[in-house]
Amino acid sequence: MEINIPEAPDVMLPPEDWALVKDYLSLLLNESNLPHFVGIVKKVKQKDEDTGEEREVNRRMTTEDFIRGLRDPRVHVLSFRNDADDILGYAILRDPPDGEHETWIEKLVVRNQYQNKRRTDVQQPHVGTQILEQIKDYAFGTQTFDGRDREILYTAVVMFVPNWQRTDRLFTKSGFRPLVRWQEHAEVIMGGKFVTRDTERLGLRREDWEASKLRKLLVQQQEQAAAVSDLN
Ligand SMILES: CC(C)(COP(=O)(O)OP(=O)(O)OC[C@H]1O[C@@H](n2cnc3c(N)ncnc32)[C@H](O)[C@@H]1OP(=O)(O)O)[C@@H](O)C(=O)NCCC(=O)NCCS
């Protein structure tokens, strides 16, 4: 299955399109995608009926929480379409506050039917790989909401949930380097339960992205030169 994603992602800032927001949220809350996302679990204070004491309990992110989060001016919602204009996936890019330098890629999700299922009988479309290339180009090719060049891209992979190695592989093959591992750091939802899992933070510096773009360009030029010399 070949899928072509035309050049640039659509960028929504702040979110205006309700249908898009709803579609994105439904993908995040899908049972098999849910364990991969930090920030879905929210803490709220609740009064214990027996003792009357207040305690902190977990609850799932609501639509209101999600929309409130998207209204932050540092948040860019990216959506990715194929040639037929169907949306294949989404991601959030969160810019750093003043004085900080890292932009985070958050809540990257590919529509389930296009996710890599590691099937050998049909060609996998590698939608996530294509989307990540576009996220990097967008992040380093444009500026933050307050006009700064982005210096480093970070992401966090939730470990030891089903298919976590797929996300890890996606980022490492795309040039991200593992930086630090936090034990029992992320609260996520798996199989309907709140659980804590380790997370791994990975990063990509602007200079590494620039070097890889240059390498790709050189390979392209060499291939073009070889094709021309074959013709002659
Ligand atoms: C993670 C996600 C974005 C990846 O996109 P994708 O289109 O499915 O993946 P791609 O085919 O582009 O790349 C995945 C890579 O991992 C490999 N892979 C797939 N399943 C794997 C597994 N169980 N273990 C190890 N590697 C795996 C693939 O073979 C591929 O590597 P390759 O190009 O060397 O063959 C997508 O699967 C998704 O949305 N998953 C659910 C939500 C999620 O996990 N989001 C990430 C939160 S940070």
# chains A, B, ... in the order shown; residues from 1 in each chain; ligands from 1
>>> residues_around(residues="segment 138-150 of chain A", least_positions_apart="5", cutoff="9 Å", atoms="only C-alpha atoms", output="PyMOL selection string")
chain A and resi 8-9+73-76+93-96+98+101-103+133+206+209-210
>>> residues_near_ligand(ligand="ligand 1", cutoff="6 Å", atoms="only C-alpha atoms and all ligand atoms", output="PyMOL selection string")
chain A and resi 33+36-37+107-110+115-118+126-129+157+163+165-167+169-170
>>> select_by_dssp(residues="segment 114-196 of chain A", states="strand (DSSP E)", output="list in words")
Ile152, Leu153, Tyr154, Thr155, Ala156, Val157, Val158, Arg177, Pro178, Leu179, Val180, Arg181, Trp182, Gln183, Glu184, His185, Ala186, Glu187, Val188, Ile189, Met190, Lys193, Phe194, Val195 and Thr196 of chain A
>>> write_last_selection(atoms="N, CA and C atoms", output="mmCIF file, in the first residue's frame")
data_model
loop_
_atom_site.group_PDB
_atom_site.id
_atom_site.type_symbol
_atom_site.label_atom_id
_atom_site.label_comp_id
_atom_site.auth_asym_id
_atom_site.auth_seq_id
_atom_site.Cartn_x
_atom_site.Cartn_y
_atom_site.Cartn_z
ATOM 1 N N ILE A 152 16.035 22.538 19.661
ATOM 2 C CA ILE A 152 16.046 21.095 19.924
ATOM 3 C C ILE A 152 14.608 20.575 20.033
ATOM 4 N N LEU A 153 14.408 19.397 19.483
ATOM 5 C CA LEU A 153 13.088 18.749 19.563
ATOM 6 C C LEU A 153 13.177 17.596 20.550
ATOM 7 N N TYR A 154 12.220 17.535 21.459
ATOM 8 C CA TYR A 154 12.166 16.442 22.428
ATOM 9 C C TYR A 154 10.892 15.636 22.241
ATOM 10 N N THR A 155 10.960 14.387 22.656
ATOM 11 C CA THR A 155 9.743 13.603 22.759
ATOM 12 C C THR A 155 9.922 12.592 23.879
ATOM 13 N N ALA A 156 8.818 12.060 24.399
ATOM 14 C CA ALA A 156 8.911 11.035 25.443
ATOM 15 C C ALA A 156 8.160 9.799 24.989
ATOM 16 N N VAL A 157 8.826 8.659 25.109
ATOM 17 C CA VAL A 157 8.185 7.393 24.753
ATOM 18 C C VAL A 157 7.820 6.661 26.042
ATOM 19 N N VAL A 158 6.554 6.278 26.152
ATOM 20 C CA VAL A 158 6.115 5.497 27.319
ATOM 21 C C VAL A 158 6.551 4.050 27.085
ATOM 22 N N ARG A 177 17.952 10.846 19.565
ATOM 23 C CA ARG A 177 18.828 10.071 20.444
ATOM 24 C C ARG A 177 18.211 9.937 21.830
ATOM 25 N N PRO A 178 18.266 8.726 22.396
ATOM 26 C CA PRO A 178 17.779 8.562 23.775
ATOM 27 C C PRO A 178 18.638 9.398 24.724
ATOM 28 N N LEU A 179 18.014 10.164 25.614
ATOM 29 C CA LEU A 179 18.759 11.064 26.494
ATOM 30 C C LEU A 179 18.679 10.640 27.957
ATOM 31 N N VAL A 180 17.486 10.281 28.373
ATOM 32 C CA VAL A 180 17.335 9.952 29.792
ATOM 33 C C VAL A 180 16.123 9.044 29.965
ATOM 34 N N ARG A 181 16.193 8.188 31.014
ATOM 35 C CA ARG A 181 15.036 7.329 31.290
ATOM 36 C C ARG A 181 14.535 7.634 32.698
ATOM 37 N N TRP A 182 13.245 7.883 32.784
ATOM 38 C CA TRP A 182 12.638 8.151 34.091
ATOM 39 C C TRP A 182 11.860 6.919 34.524
ATOM 40 N N GLN A 183 12.162 6.450 35.731
ATOM 41 C CA GLN A 183 11.461 5.244 36.195
ATOM 42 C C GLN A 183 10.093 5.589 36.766
ATOM 43 N N GLU A 184 9.122 4.748 36.415
ATOM 44 C CA GLU A 184 7.755 4.884 36.960
ATOM 45 C C GLU A 184 7.278 6.337 36.899
ATOM 46 N N HIS A 185 7.520 6.959 35.791
ATOM 47 C CA HIS A 185 7.317 8.409 35.691
ATOM 48 C C HIS A 185 5.964 8.785 35.119
ATOM 49 N N ALA A 186 5.483 7.953 34.175
ATOM 50 C CA ALA A 186 4.269 8.347 33.452
ATOM 51 C C ALA A 186 3.046 7.630 33.999
ATOM 52 N N GLU A 187 1.990 8.404 34.209
ATOM 53 C CA GLU A 187 0.720 7.766 34.562
ATOM 54 C C GLU A 187 -0.093 7.665 33.283
ATOM 55 N N VAL A 188 -0.439 6.437 32.941
ATOM 56 C CA VAL A 188 -1.188 6.216 31.699
ATOM 57 C C VAL A 188 -2.352 5.277 31.962
ATOM 58 N N ILE A 189 -3.167 5.081 30.926
ATOM 59 C CA ILE A 189 -4.314 4.171 31.065
ATOM 60 C C ILE A 189 -4.097 2.966 30.153
ATOM 61 N N MET A 190 -4.144 1.783 30.786
ATOM 62 C CA MET A 190 -3.942 0.559 29.991
ATOM 63 C C MET A 190 -4.971 -0.483 30.430
ATOM 64 N N LYS A 193 -7.227 0.539 33.185
ATOM 65 C CA LYS A 193 -6.687 0.824 34.527
ATOM 66 C C LYS A 193 -5.630 1.923 34.460
ATOM 67 N N PHE A 194 -5.498 2.658 35.570
ATOM 68 C CA PHE A 194 -4.416 3.640 35.681
ATOM 69 C C PHE A 194 -3.156 2.901 36.108
ATOM 70 N N VAL A 195 -2.091 3.058 35.335
ATOM 71 C CA VAL A 195 -0.824 2.384 35.677
ATOM 72 C C VAL A 195 0.327 3.375 35.520
ATOM 73 N N THR A 196 1.461 3.098 36.176
ATOM 74 C CA THR A 196 2.642 3.955 35.955
ATOM 75 C C THR A 196 3.676 3.165 35.177
#
>>> closest_residue(among="A:Gly89, A:Gly192, A:Pro162, A:Gly52", to="Leu28 of chain A", atoms="only C-alpha atoms")
A:Gly89
>>> atom_distance(atom1="atom CA of Phe80 of chain A", atom2="atom CA of Ile131 of chain A")
7.0 Å
>>> select_by_dssp(residues="chain A", states="helix (DSSP H, G or I)", output="count of residues only")
76
>>> residues_around(residues="Leu27 of chain A", least_positions_apart="2", cutoff="10 Å", atoms="only C-alpha atoms", output="list in words")
Lys22, Asp23, Tyr24, Leu25, Leu29, Asn30, Glu31, Ser32, Asn33, Leu34, Gly89, Tyr90, Lys107, Val109, Val110, Arg111 and Asn112 of chain A
>>> residues_around(residues="Ile67 of chain A", least_positions_apart="3", cutoff="8 Å", atoms="only C-alpha atoms", output="compact mmCIF listing (two decimals) with C-alpha atoms, in the first residue's frame")
# COMPACT_ATOMS: atom_id res chain seq x y z
CA PRO A 15 -7.90 25.26 17.37
CA VAL A 21 -10.44 18.36 17.35
CA THR A 63 -12.95 16.97 25.95
CA GLU A 64 -12.87 20.25 27.91
CA LEU A 70 -4.98 23.36 22.79
CA ARG A 71 -5.76 27.02 23.50
>>> atom_distance(atom1="atom CA of Glu54 of chain A", atom2="atom CA of Lys42 of chain A")
16.0 Å
>>> atom_distance(atom1="atom CA of Gln224 of chain A", atom2="atom CA of Leu132 of chain A")
25.6 Å
>>> closest_residue(among="A:Asn4, A:Trp104, A:Phe66, A:Pro35", to="Leu88 of chain A", atoms="only C-alpha atoms")
A:Asn4
>>> closest_residue(among="A:Ala91, A:Met61, A:Val122, A:Ala211", to="Gly39 of chain A", atoms="only C-alpha atoms")
A:Met61
>>> closest_residue(among="A:Gln130, A:Gly191, A:Asp198, A:Arg55", to="Phe160 of chain A", atoms="only C-alpha atoms")
A:Asp198
